[in-house]
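Undergrad: Below is the structure I would like to discuss, written out as structure tokens.
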Amino acid sequence: MKIGIADTMFARVNMAEAALKAVEQEKKSKGLEIQVERYTVPGFKDLPVACKRLFEDFNCDAVVALGWCGAEKIDEQCAHEANLGLMSVQIEAKKHILTAFFHETETNELEKQKKIAWNRAFDHALNAIALVKGKEELSQNAGQGVRQGYENAGEIEA
Amino acid sequence: MKIGIADTMFARVNMAEAALKAVEQEKKSKGLEIQVERYTVPGFKDLPVACKRLFEDFNCDAVVALGWCGAEKIDEQCAHEANLGLMSVQIEAKKHILTAFFHETETNELEKQKKIAWNRAFDHALNAIALVKGKEELSQNAGQGVRQGYENAGEIEA
Amino acid sequence: MKIGIADTMFARVNMAEAALKAVEQEKKSKGLEIQVERYTVPGFKDLPVACKRLFEDFNCDAVVALGWCGAEKIDEQCAHEANLGLMSVQIEAKKHILTAFFHETETNELEKQKKIAWNRAFDHALNAIALVKGKEELSQNAGQGVRQGYENAGEIEA
Amino acid sequence: MKIGIADTMFARVNMAEAALKAVEQEKKSKGLEIQVERYTVPGFKDLPVACKRLFEDFNCDAVVALGWCGAEKIDEQCAHEANLGLMSVQIEAKKHILTAFFHETETNELEKQKKIAWNRAFDHALNAIALVKGKEELSQNAGQGVRQGYENAGEIEA
Amino acid sequence: MKIGIADTMFARVNMAEAALKAVEQEKKSKGLEIQVERYTVPGFKDLPVACKRLFEDFNCDAVVALGWCGAEKIDEQCAHEANLGLMSVQIEAKKHILTAFFHETETNELEKQKKIAWNRAFDHALNAIALVKGKEELSQNAGQGVRQGYENAGEIEA
């Protein structure tokens, strides 16, 4: 199994480190053989081409795309464009891109920003590995209100 | 006939169960042979790749895509991106994806959330089966103000 | 000449009837031979796949896509997604899809809703037929402020 | 050289006439041989298919797409969809579509509307011809704050 | 290595000059052989076709797309459409387009406008060259809060 990690210079946290930690954890705890390819770009709008190359030129089975979105309206617009590009690339490749973007509109406390960004990158790296295993690997958690970067919301009680 | 059911861990209701119930109902009441394939992903932005795989790798004739959208503006943005991805996949496959998303902006009462999400998933699974049957299967209800998850609005009286 | 008519259960007016009336009028008044294929789907987001099938599997030369958009913001979002899908399908087919959507934000008077929806479907069916005839069929009306569903705005006087 | 002119019945000014005037001016003043193909559609959302046909079926080297956008929010939404379609068509053709849309939000004075729409169509027809000549034909004016339909903004002084 | 520079007449600063300066600096300081191709269009919505031609007809390895966005809402809408086109072109080419757009909403002080536009074009030309070198060329700066046109935001301290 080969996981791609695409990250940016724009981000204010080294989110790729978090994703790499998640991969190491899976390798140790479950004895999985997982190779990693990394690709760093200036900002999130450069991630789609990076992901396409990770799929086609570096044979990744899934990619974690790590981005950081500023607090201005124009930043959200750019995030939207980046996300549409990532959508297009993953559909063409028929392989999953797990998008872990931190948005500064979520909180302006730096410590929390770092924590959310880190956890989200970590959690989505685990998701990427699970999705490579198979289409029902995550079905036991379906409808459970699972979140990445925050506490889970949980299933609504009957 | 093979129906795909793509659902998420993010949702707070097990909407796939509702879709499965609808399939069972159709099998019993109309004696139809319907196979089901399930694919669970983290969130709705991962549904398009799941649907493409259900069409191409698992030979589904139609897919029900079950999603849950949070109450924040960024959630609606993501839902939009997911929907554009689902649009692209169904056009490429020339097969219908019935999109059943519950949006938390519809109501914040948990009981109602569960009911709407459940009913919408159920109704769209029935629609998926009808559309596989043929292009005029639903024509008797055209212009009747039919809704999924709510009461029908009905046709405007003359 | 073969015209496709794609309509929805969601609409509160049987807009396909209006389109069919327009086709009948053209057949009678101009002696044209026009065949019709109909395809009914749950809502407007299902129209793009219907239109693609009408082009590819039923050999339509042009399609009238009839939709109804609710008054909520999320409805307009869905209409946008439907329209982008219809855009993509018609470009791929290199054949026109005349999109006749009624939006509840135009008016909440039921009688007016019905009238606008009906007239728009009727007018766009005529447009579909004209565009199949040739690229300059409508040139005599270019820049004349022609509207569908409302009175024409007219050309701005010198 | 063959220039396509795609226009609409919706517009309240015969913008195609302006584009044709620009072509005539270039033919006379520079002795260029320029052929023209015209295609008229109901509204701007029908322009992308018209442009694709002008490229593929009528061998145009560049197209001027002339549109008129009403003052309502839904009109701007439709203009956006039309523009995305035109973007898609020109990328696929690898040939330029010069988009000259007048927006009623620019001004509600009819005389000004007519003037802006006319000038924009005229200027973009000249641009279309220049771009067919070569990729550096316009480089002498790069960064000069050139506008179509209004006075030029000019370069920012040092 | 061949870098494409696509710019506009609309811009109020000759951003291509800044990009050319960056290329010259890299050639001198690092002894790199870098060829340049330039393509000038009217406005940023014409950049995607220019970039596609720079990739396919002029063999560029990466392109810097230089644009200028006015202060009105419609300008931002057009920038969005241009960006989606540039996204589509770079994904298809599997080569990076570094998008350096200045937005008048950033500041209305002319001197600052010029400085930001110039620096952003310069910085992204350097990024384009780095990305052609390889996928981990920028990894040493990952997560460092690097900005183009402004001071870097820096990494969040532990």
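Letters A, B, ... go to the chains of the structure tokens in the order shown; residues in each chain start at 1; ligands are counted from 1 in the same order.
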Please find the residues of chain D near chain E - the criterion being any atom within 8 Å, counting only C-alpha atoms - and write them as an MDAnalysis selection string.

TA: chainID D and resid 80 83:84 87:88 90:91 94:98 127 131 135:139 141:147 153:156 158

Undergrad: Mind checking which residues fall within 8 Å of Val36 in chain E, counting only C-alpha atoms, ignoring those fewer than 5 positions away in the same chain, and posting them as a PDB file with N, CA, C and O atoms, in the first residue's frame?

TA:
```
ATOM      1  N   LYS E   2      11.523  25.171 -19.419  1.00  0.00           N
ATOM      2  CA  LYS E   2      10.849  26.281 -20.085  1.00  0.00           C
ATOM      3  C   LYS E   2       9.651  26.759 -19.257  1.00  0.00           C
ATOM      4  O   LYS E   2       8.768  25.973 -18.926  1.00  0.00           O
ATOM      5  N   ILE E   3       9.655  28.034 -18.921  1.00  0.00           N
ATOM      6  CA  ILE E   3       8.591  28.631 -18.112  1.00  0.00           C
ATOM      7  C   ILE E   3       7.710  29.518 -18.992  1.00  0.00           C
ATOM      8  O   ILE E   3       8.224  30.343 -19.745  1.00  0.00           O
ATOM      9  N   GLY E   4       6.402  29.338 -18.888  1.00  0.00           N
ATOM     10  CA  GLY E   4       5.473  30.204 -19.601  1.00  0.00           C
ATOM     11  C   GLY E   4       5.022  31.353 -18.724  1.00  0.00           C
ATOM     12  O   GLY E   4       4.852  31.183 -17.511  1.00  0.00           O
ATOM     13  N   ILE E   5       4.868  32.502 -19.331  1.00  0.00           N
ATOM     14  CA  ILE E   5       4.351  33.668 -18.603  1.00  0.00           C
ATOM     15  C   ILE E   5       3.133  34.183 -19.361  1.00  0.00           C
ATOM     16  O   ILE E   5       3.245  34.651 -20.491  1.00  0.00           O
TER      17      ILE E   5
END
```

Undergrad: With a distance cut-off of 8 Å and only C-alpha atoms, select the neighbouring residues of Cys69 in chain B, excluding the residue or stretch itself and same-chain residues fewer than 5 positions from it, and output the selection as a CSV table (one decimal) with C-alpha atoms, in the first residue's frame.

TA:
```csv
chain,number,residue,atom,x,y,z
B,11,ALA,CA,-23.9,11.3,9.4
B,75,ASP,CA,-20.5,22.7,5.6
B,76,GLU,CA,-22.9,24.0,2.9
B,79,ALA,CA,-22.0,19.9,0.3
B,101,PHE,CA,-28.5,14.7,1.9
B,102,PHE,CA,-29.9,15.9,5.3
B,103,HIS,CA,-28.9,19.5,6.1
B,104,GLU,CA,-28.8,20.6,9.8
```

Undergrad: Which residues come within 9 Å of Ile116 in chain D, counting only C-alpha atoms, excluding same-chain residues fewer than 6 positions away, as a ChimeraX atom specification?

TA: /D:102,148-150

Undergrad: Just to confirm, what's the straight-line distance from CA of Phe55 in chain C to CA of Ala19 in chain C in Å (one decimal)?

TA: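 Between CA of Phe55 in chain C and CA of Ala19 in chain C the gap is 17.4 Å.
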
Undergrad: Please list as a ChimeraX atom specification every residue within 7 Å of Ala128 in chain C, counting only C-alpha atoms and excluding residues in the same chain fewer than 4 positions away.

TA: /C:62-64,98,124,132

Undergrad: Please produce a file of those selected residues containing N, CA and C atoms, as a PDB file, in the first residue's frame.

TA:
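Done, and the output landed in part-v7.pdb:
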```pdb
ATOM      1  N   ALA C  62     -32.604  17.843 -29.666  1.00  0.00           N
ATOM      2  CA  ALA C  62     -32.573  18.908 -28.661  1.00  0.00           C
ATOM      3  C   ALA C  62     -33.485  18.458 -27.529  1.00  0.00           C
ATOM      4  N   VAL C  63     -33.227  18.989 -26.332  1.00  0.00           N
ATOM      5  CA  VAL C  63     -34.033  18.598 -25.177  1.00  0.00           C
ATOM      6  C   VAL C  63     -34.521  19.848 -24.456  1.00  0.00           C
ATOM      7  N   VAL C  64     -35.752  19.787 -23.964  1.00  0.00           N
ATOM      8  CA  VAL C  64     -36.267  20.810 -23.061  1.00  0.00           C
ATOM      9  C   VAL C  64     -36.223  20.231 -21.658  1.00  0.00           C
ATOM     10  N   LEU C  98     -32.615  23.276 -23.746  1.00  0.00           N
ATOM     11  CA  LEU C  98     -33.284  24.513 -23.348  1.00  0.00           C
ATOM     12  C   LEU C  98     -33.783  24.324 -21.929  1.00  0.00           C
ATOM     13  N   HIS C 124     -39.841  27.648 -24.488  1.00  0.00           N
ATOM     14  CA  HIS C 124     -38.554  27.002 -24.707  1.00  0.00           C
ATOM     15  C   HIS C 124     -38.677  25.760 -25.591  1.00  0.00           C
ATOM     16  N   VAL C 132     -32.959  23.507 -33.747  1.00  0.00           N
ATOM     17  CA  VAL C 132     -32.661  22.322 -34.559  1.00  0.00           C
ATOM     18  C   VAL C 132     -32.681  22.690 -36.048  1.00  0.00           C
TER      19      VAL C 132
END
```

Undergrad: Excluding range 21-25 of chain C and residues on its chain fewer than 6 positions from it, collect all residues at most 7 Å away from it, counting only C-alpha atoms, and give them as a VMD selection string.

TA: chain C and resid 122 125 to 126

Undergrad: Which of these, E:Lys27, E:Lys73, E:Arg120, E:Lys115, has the shortest distance to Met1 in chain E once you count only C-alpha atoms?

TA: E:Lys27

Undergrad: Please measure the separation of CA of Asp123 in chain C and CA of Thr105 in chain D, giving the value in Å to one decimal.

TA: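 It comes out at 26.2 Å.
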
Undergrad: Hey, can you check how far CA of Glu33 in chain B sits from CA of Asn119 in chain B?

TA: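 Answer for the CA of Glu33 in chain B to CA of Asn119 in chain B separation: 22.6 Å.
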
Undergrad: Could you pull out all residues of chain D with a DSSP call of helix (DSSP H, G or I) and give them as a ChimeraX atom specification?

TA: /D:15-30,44-56,73-93,110-133,139-141
